[in-house]
Every structure is written in structure tokens, then in C-alpha cells.
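K.L.:
Could you have a look at this structure, given as C-alpha cells, before my questions?
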Amino acid sequence: MFLLLESVRSALNSIRAHRMRSFLTSLGIIIGVASVITVISLIQGLSKSVTKQFEGLGGNSLTITAHNTMKDAMRGKFNELRFEDIEQLRTHVDEIADVSPLFLLSAPTVRFGSTDTSARIMATTPTYQEVQQRFASMGRFLSDSDESSARRVAVIGPKLIESLHLPENPIGQYISFSNEWFKIIGVMEKRGELFGMSQDDYVIIPFRTGRSLMGNNQRLRNMQFTVSLKDISKLEDVKPRIKSVMRKSHKLDPDVPDDFDMESSDQLSKSLDNITATVTLVMGGIVGIALLVGGIGIMNIMLVSVTERTREIGICKAIGARSRDIMMQFLIEAVTLSVLGGLIGLILGYGLGFGISKMIPDFPDAVVPWWAVVLSFVFSAGVGIVFGVMPASKAAKLDPIDALRYE
């Protein structure tokens, strides 16, 4: 233990004696760790933000969409969901709390006075807010009477208040699209941006109103159902029953594949986690090359240090220092430089990640996970050990007589 403490003391004295050289030696590690931490903190911050967005989709919901391949589309064949599917699901699957159909209208331009903007026009039922767990922050959402009467009313996303130069409280104002006027009855809660795109530039109208605008005879190829369950714990048990009901509703033979897809919000979240992990690994590996460069820098500087301190090593050996003591001193010096560089790089990386996230509008705050901190220290120490072995070994193998003669 005494020898280890003495080796640490000697290594720290050497680092203090050559401050500039020690800083330049650690610079590669500082840049490498800072780069890795910056990239990881930005990716993890974005991942957590997107995960929260998916959680807002409703943890007890299941989305059903028509399954269409590129090959079928090129042949002019399109699968689609039917209104009969809704009643079949409600009648034959007791675990379903409700079904909310939704489709998009091809009328992207919305006008207020002399101002117009592009927006998504969604037609859905009053159950939408309960199924999707998205509610109005001002005014009210669609009601059953709005739906049954196919009223020309609309609930808008908060982004449209800014885009259309609407009053701060737009309730009661009229907007137009598809050559029709709609009265604003509510404004939805703000959701912010996702991947740089606003999630608040939309208009929601009653389902029957949307059907009347499109013409009841037109086919709705982009319609989807969101199914909410009474008990989310039974999700995996309910899926096969929903699938069976949908296949019977579509009159599919046993050997015919499904013409629909089912996806739950937790599946979307898991898919996102997998993508994020892959991106983090790839980006971390790319910028991690800087750590290897830093390790090579440490090895080169330590080899120079061995040459400069040849006479010192000879004196230490002449008064009884063993080869392993010399090797331990140089190895500890290399590891100390690496770990100090890793610590500075960690702080610098978090600062850069936080600063970059603040500079980008509506970008989520950077997040440094605990495993990134541990990994940076372990990797820094590992670099010091791996690239410090050669200089330490060279110093330990010096002949004391030749070392004392060295000028």
C-alpha cells in the first residue's frame, strides 16, 4: 500500500511539474470525451422528449390502419378500413372502451380574413380526446350533438392562432377551408415540436361533417381507428380477438394475410428506443475515434517523458527501486492524465450539449445518462492503461548503469 501511495504521489508531482505538457497530453482525451458526451446528451434529450410525446398518445390505446404495400399501390390496389369495422369491434370485443375513427381531408389551406396557412384537417368523433388523452385548453371539444348534426364547428391547434393572426381568445371566430366556413369552439393543449415539425398546426372537425365535405360515396383510404381498452393489462390478450374480428369483417380467407396493421403506443415507444440506441451507438463510435487519437497522444508524450527522465530512472533504480515500481509510477501517471482529461471532457461535453440544445429553437434540454458518466471514466482509465503500458514497460526495462550515463 505504501509503495502504491508513493507511486501516486510521485506521478502527481511529475504532472504538476510539467503542467503545460500534461494539459496537452490530456487534450486528446478531453476532446474525445467532450464529443461523445455532447452527442449522447443531445440524442438522449431528444429521445426523452419524443418518448413523452408518445406517452401522450394514450397508454391504453391501439391504432388500426390499412396495410398497403408499394407493390399493391403501383398496381392500383388499396386496402382500406370500413365503417362496419367499428360496429363489429364494439359489438364483439367487450374489453374495448371505445373506438375513435379519424381521417384526413385533402384541404391543407385554412383561411382567416386575408391570412391563410397550411394545416392538417382531421375529421373524428367526440371520443377522440378520451382515446388519445388530448384535451382542449380553451373552449370545448366536439360534442355528440356536433357529430350527429354534422355541424360546421372546429377545434384548432394553438399554432394556428399565431399562423392565422387570430385573436388571443379565438373562440367564436370563423375560419374557412374547402369553401366552407367553420366556427372555432375550442383550442387544444400545446404539444410543441417533434423532429423540428410543429404538432399544433391542425384543425379537428366532426366525423360526419368531414364525410359530407368529401361526399359520402368517396372511399376513405387514409382512415384509421384508435381503440381504447378498459384494462391496459389485457392488451396482449385482446389483440388476437381484435385481429379475428377484423378478419371476419373483411371476409379474409385463412390463407390470406391481414389487410390491416395494429400498433400500440408502447410499441412505438419501444421502436423509438431501439432506433435511439442504434443512433447513440453509431454516433458514439464515430466520435469515439477521437479517444483513440487521444490515447495515442498520451503514449507518445509518455515515451518522450521516459527519454527525458532516463537519468532520474537510473538514480531510482540505483537506490533500490524495482522495475515494477518504476512501471507502476509511469502507469499511474498515464491513467491520472486520462481520468483528469475524462472529467474535464465530461463537464465540457455537458456544457456544450446544454448550450447547443438552448441555441436550437424548441429543442429539448440535453440529458446525460448515468451510464454515459460511468462509461467516460472507465474508457478514460482504460485508454490510460492501454496506451501507458508501453512507455511504462520501456522505463521499467532501462538498465540502471546505462540510465545513469545518459546525458
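Residues in the C-alpha cells are numbered from 1 in each chain, the chains being A, B, ... in the order shown, and ligands are numbered from 1 in the order shown.
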What's around stretch 232-248 of chain A at 10 Å? Count only C-alpha atoms, leave out sequence neighbours fewer than 2 positions away in its own chain, and write the answer as a PyMOL selection string.
P.N.:
chain A and resi 59-62+64+81-82+84-86+88-96+227-230+250-254+256-264
K.L.:
Show me, as a PDB file with C-alpha atoms, in the first residue's frame, the residues that have an atom within 7 Å of stretch 24-38 of chain A when counting only C-alpha atoms, minus same-chain residues fewer than 4 positions from it.
P.N.:
ATOM      1  CA  MET A  20       1.548  22.543 -19.934  1.00  0.00           C
ATOM      2  CA  LEU A  42     -28.356  15.654 -27.304  1.00  0.00           C
ATOM      3  CA  GLY A 284     -20.692   7.415 -30.083  1.00  0.00           C
ATOM      4  CA  VAL A 287     -16.700  10.417 -32.191  1.00  0.00           C
ATOM      5  CA  GLY A 288     -15.037   7.755 -30.005  1.00  0.00           C
ATOM      6  CA  ALA A 290     -11.113  10.922 -31.025  1.00  0.00           C
ATOM      7  CA  LEU A 291     -10.495   8.981 -27.791  1.00  0.00           C
ATOM      8  CA  VAL A 293      -6.304   9.605 -31.050  1.00  0.00           C
ATOM      9  CA  GLY A 294      -6.047  10.994 -27.522  1.00  0.00           C
ATOM     10  CA  GLY A 295      -4.683   7.660 -26.288  1.00  0.00           C
ATOM     11  CA  GLY A 297      -1.110  11.200 -27.901  1.00  0.00           C
ATOM     12  CA  ILE A 298      -0.693  10.066 -24.302  1.00  0.00           C
ATOM     13  CA  ILE A 301       4.143  12.105 -24.749  1.00  0.00           C
ATOM     14  CA  LEU A 337      -3.813  12.173 -17.078  1.00  0.00           C
ATOM     15  CA  SER A 338      -6.544  10.170 -18.836  1.00  0.00           C
ATOM     16  CA  GLY A 341      -8.967  14.576 -19.124  1.00  0.00           C
ATOM     17  CA  GLY A 342     -12.129  12.465 -18.971  1.00  0.00           C
ATOM     18  CA  ILE A 344     -12.831  17.835 -17.841  1.00  0.00           C
ATOM     19  CA  GLY A 345     -14.278  16.398 -21.071  1.00  0.00           C
ATOM     20  CA  LEU A 346     -17.407  15.260 -19.217  1.00  0.00           C
ATOM     21  CA  LEU A 348     -17.230  20.395 -21.130  1.00  0.00           C
ATOM     22  CA  GLY A 349     -19.405  17.912 -23.065  1.00  0.00           C
ATOM     23  CA  TYR A 350     -22.435  18.520 -20.872  1.00  0.00           C
ATOM     24  CA  LEU A 352     -21.712  22.055 -24.950  1.00  0.00           C
ATOM     25  CA  GLY A 353     -24.766  19.775 -25.138  1.00  0.00           C
ATOM     26  CA  SER A 376     -16.487   8.030 -19.860  1.00  0.00           C
TER      27      SER A 376
END
K.L.:
With only C-alpha atoms as the counted atoms, please give the residues lying no more than 10 Å from A:Ile204, apart from itself and same-chain residues fewer than 2 positions off, as number ranges by chain.
P.N.:
A: 102, 104, 120-125, 128, 141-142, 153-157, 184, 186-188, 202, 206-207, 210
K.L.:
Could the residues in this selection be saved with N, CA and C atoms as a PDB file, in the first residue's frame?
P.N.:
ATOM      1  N   LEU A 102     -60.712   8.251 -37.542  1.00  0.00           N
ATOM      2  CA  LEU A 102     -60.127   9.534 -37.946  1.00  0.00           C
ATOM      3  C   LEU A 102     -59.657   9.435 -39.389  1.00  0.00           C
ATOM      4  N   LEU A 104     -57.985  12.173 -42.747  1.00  0.00           N
ATOM      5  CA  LEU A 104     -57.507  13.499 -43.133  1.00  0.00           C
ATOM      6  C   LEU A 104     -58.206  13.960 -44.405  1.00  0.00           C
ATOM      7  N   ARG A 120     -53.229  20.514 -41.141  1.00  0.00           N
ATOM      8  CA  ARG A 120     -53.885  19.209 -41.295  1.00  0.00           C
ATOM      9  C   ARG A 120     -55.347  19.334 -40.865  1.00  0.00           C
ATOM     10  N   ILE A 121     -56.237  18.842 -41.697  1.00  0.00           N
ATOM     11  CA  ILE A 121     -57.661  18.856 -41.372  1.00  0.00           C
ATOM     12  C   ILE A 121     -58.057  17.431 -40.996  1.00  0.00           C
ATOM     13  N   MET A 122     -58.408  17.228 -39.739  1.00  0.00           N
ATOM     14  CA  MET A 122     -58.742  15.890 -39.245  1.00  0.00           C
ATOM     15  C   MET A 122     -60.226  15.812 -38.899  1.00  0.00           C
ATOM     16  N   ALA A 123     -60.874  14.788 -39.407  1.00  0.00           N
ATOM     17  CA  ALA A 123     -62.275  14.547 -39.066  1.00  0.00           C
ATOM     18  C   ALA A 123     -62.331  13.359 -38.107  1.00  0.00           C
ATOM     19  N   THR A 124     -62.953  13.544 -36.948  1.00  0.00           N
ATOM     20  CA  THR A 124     -63.011  12.480 -35.953  1.00  0.00           C
ATOM     21  C   THR A 124     -64.265  12.645 -35.097  1.00  0.00           C
ATOM     22  N   THR A 125     -64.427  11.762 -34.141  1.00  0.00           N
ATOM     23  CA  THR A 125     -65.608  11.765 -33.277  1.00  0.00           C
ATOM     24  C   THR A 125     -65.279  12.366 -31.909  1.00  0.00           C
ATOM     25  N   TYR A 128     -62.459  11.117 -29.447  1.00  0.00           N
ATOM     26  CA  TYR A 128     -61.042  11.321 -29.769  1.00  0.00           C
ATOM     27  C   TYR A 128     -60.231  11.767 -28.555  1.00  0.00           C
ATOM     28  N   PHE A 141     -64.302  20.726 -26.576  1.00  0.00           N
ATOM     29  CA  PHE A 141     -64.050  19.800 -27.683  1.00  0.00           C
ATOM     30  C   PHE A 141     -65.378  19.510 -28.391  1.00  0.00           C
ATOM     31  N   LEU A 142     -65.321  18.702 -29.433  1.00  0.00           N
ATOM     32  CA  LEU A 142     -66.527  18.316 -30.168  1.00  0.00           C
ATOM     33  C   LEU A 142     -67.495  17.574 -29.251  1.00  0.00           C
ATOM     34  N   VAL A 153     -68.327  23.164 -37.126  1.00  0.00           N
ATOM     35  CA  VAL A 153     -67.557  23.684 -35.992  1.00  0.00           C
ATOM     36  C   VAL A 153     -66.157  23.063 -36.043  1.00  0.00           C
ATOM     37  N   ALA A 154     -65.212  23.721 -35.382  1.00  0.00           N
ATOM     38  CA  ALA A 154     -63.828  23.245 -35.438  1.00  0.00           C
ATOM     39  C   ALA A 154     -63.103  23.512 -34.128  1.00  0.00           C
ATOM     40  N   VAL A 155     -62.198  22.589 -33.795  1.00  0.00           N
ATOM     41  CA  VAL A 155     -61.269  22.766 -32.686  1.00  0.00           C
ATOM     42  C   VAL A 155     -59.881  22.862 -33.321  1.00  0.00           C
ATOM     43  N   ILE A 156     -59.123  23.881 -32.968  1.00  0.00           N
ATOM     44  CA  ILE A 156     -57.851  24.114 -33.649  1.00  0.00           C
ATOM     45  C   ILE A 156     -56.661  23.871 -32.731  1.00  0.00           C
ATOM     46  N   GLY A 157     -55.505  23.625 -33.339  1.00  0.00           N
ATOM     47  CA  GLY A 157     -54.253  23.547 -32.603  1.00  0.00           C
ATOM     48  C   GLY A 157     -53.749  24.947 -32.310  1.00  0.00           C
ATOM     49  N   ILE A 184     -64.927  28.380 -34.662  1.00  0.00           N
ATOM     50  CA  ILE A 184     -63.973  27.840 -33.694  1.00  0.00           C
ATOM     51  C   ILE A 184     -64.653  27.718 -32.333  1.00  0.00           C
ATOM     52  N   GLY A 186     -63.040  25.619 -29.820  1.00  0.00           N
ATOM     53  CA  GLY A 186     -62.043  25.218 -28.833  1.00  0.00           C
ATOM     54  C   GLY A 186     -60.632  25.266 -29.387  1.00  0.00           C
ATOM     55  N   VAL A 187     -59.650  25.318 -28.455  1.00  0.00           N
ATOM     56  CA  VAL A 187     -58.225  25.280 -28.792  1.00  0.00           C
ATOM     57  C   VAL A 187     -57.594  24.162 -27.970  1.00  0.00           C
ATOM     58  N   MET A 188     -56.848  23.282 -28.627  1.00  0.00           N
ATOM     59  CA  MET A 188     -56.254  22.137 -27.945  1.00  0.00           C
ATOM     60  C   MET A 188     -55.008  22.525 -27.156  1.00  0.00           C
ATOM     61  N   TYR A 202     -53.167  22.105 -36.768  1.00  0.00           N
ATOM     62  CA  TYR A 202     -54.219  21.228 -37.272  1.00  0.00           C
ATOM     63  C   TYR A 202     -55.591  21.790 -36.922  1.00  0.00           C
ATOM     64  N   PRO A 206     -66.033  17.536 -36.813  1.00  0.00           N
ATOM     65  CA  PRO A 206     -66.817  16.310 -36.596  1.00  0.00           C
ATOM     66  C   PRO A 206     -66.668  15.331 -37.774  1.00  0.00           C
ATOM     67  N   PHE A 207     -66.710  14.046 -37.446  1.00  0.00           N
ATOM     68  CA  PHE A 207     -66.516  13.000 -38.441  1.00  0.00           C
ATOM     69  C   PHE A 207     -67.561  13.092 -39.558  1.00  0.00           C
ATOM     70  N   GLY A 210     -66.884  15.910 -41.903  1.00  0.00           N
ATOM     71  CA  GLY A 210     -65.834  15.568 -42.847  1.00  0.00           C
ATOM     72  C   GLY A 210     -66.335  14.669 -43.963  1.00  0.00           C
TER      73      GLY A 210
END
K.L.:
Nearest to A:Phe135: which of A:Arg211, A:Ala366, A:Arg191, A:Ser49 is it, counting only C-alpha atoms?
P.N.:
A:Arg191
K.L.:
Determine the nearest neighbour of A:Pro170 from the options A:Phe354, A:Trp371, A:Phe112, A:Phe225, counting only C-alpha atoms.
P.N.:
A:Phe112
K.L.:
Which distance in Å separates atom CA of A:Tyr174 and atom CA of A:Pro101, to one decimal?
P.N.:
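Taking atom CA of A:Tyr174 and atom CA of A:Pro101, their separation equals 25.2 Å.
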K.L.:
State, in Å with one decimal place, the distance from atom CA of A:Ala136 to atom CA of A:Gln173.
P.N.:
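A separation of 16.2 Å between them.
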K.L.:
Atom CA of A:Arg208 to atom CA of A:Leu164: how many Å, to one decimal?
P.N.:
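Atom CA of A:Arg208 sits 25.5 Å away from atom CA of A:Leu164.
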K.L.:
Please, which residues of stretch 31-255 of chain A, numbered as in this document, come out strand (DSSP E or B) from DSSP, as a ChimeraX atom specification?
P.N.:
/A:61-66,96-105,109-112,115-118,120-124,136-139,153-156,174-177,180-188,193-194,197-198,202-206,224-229
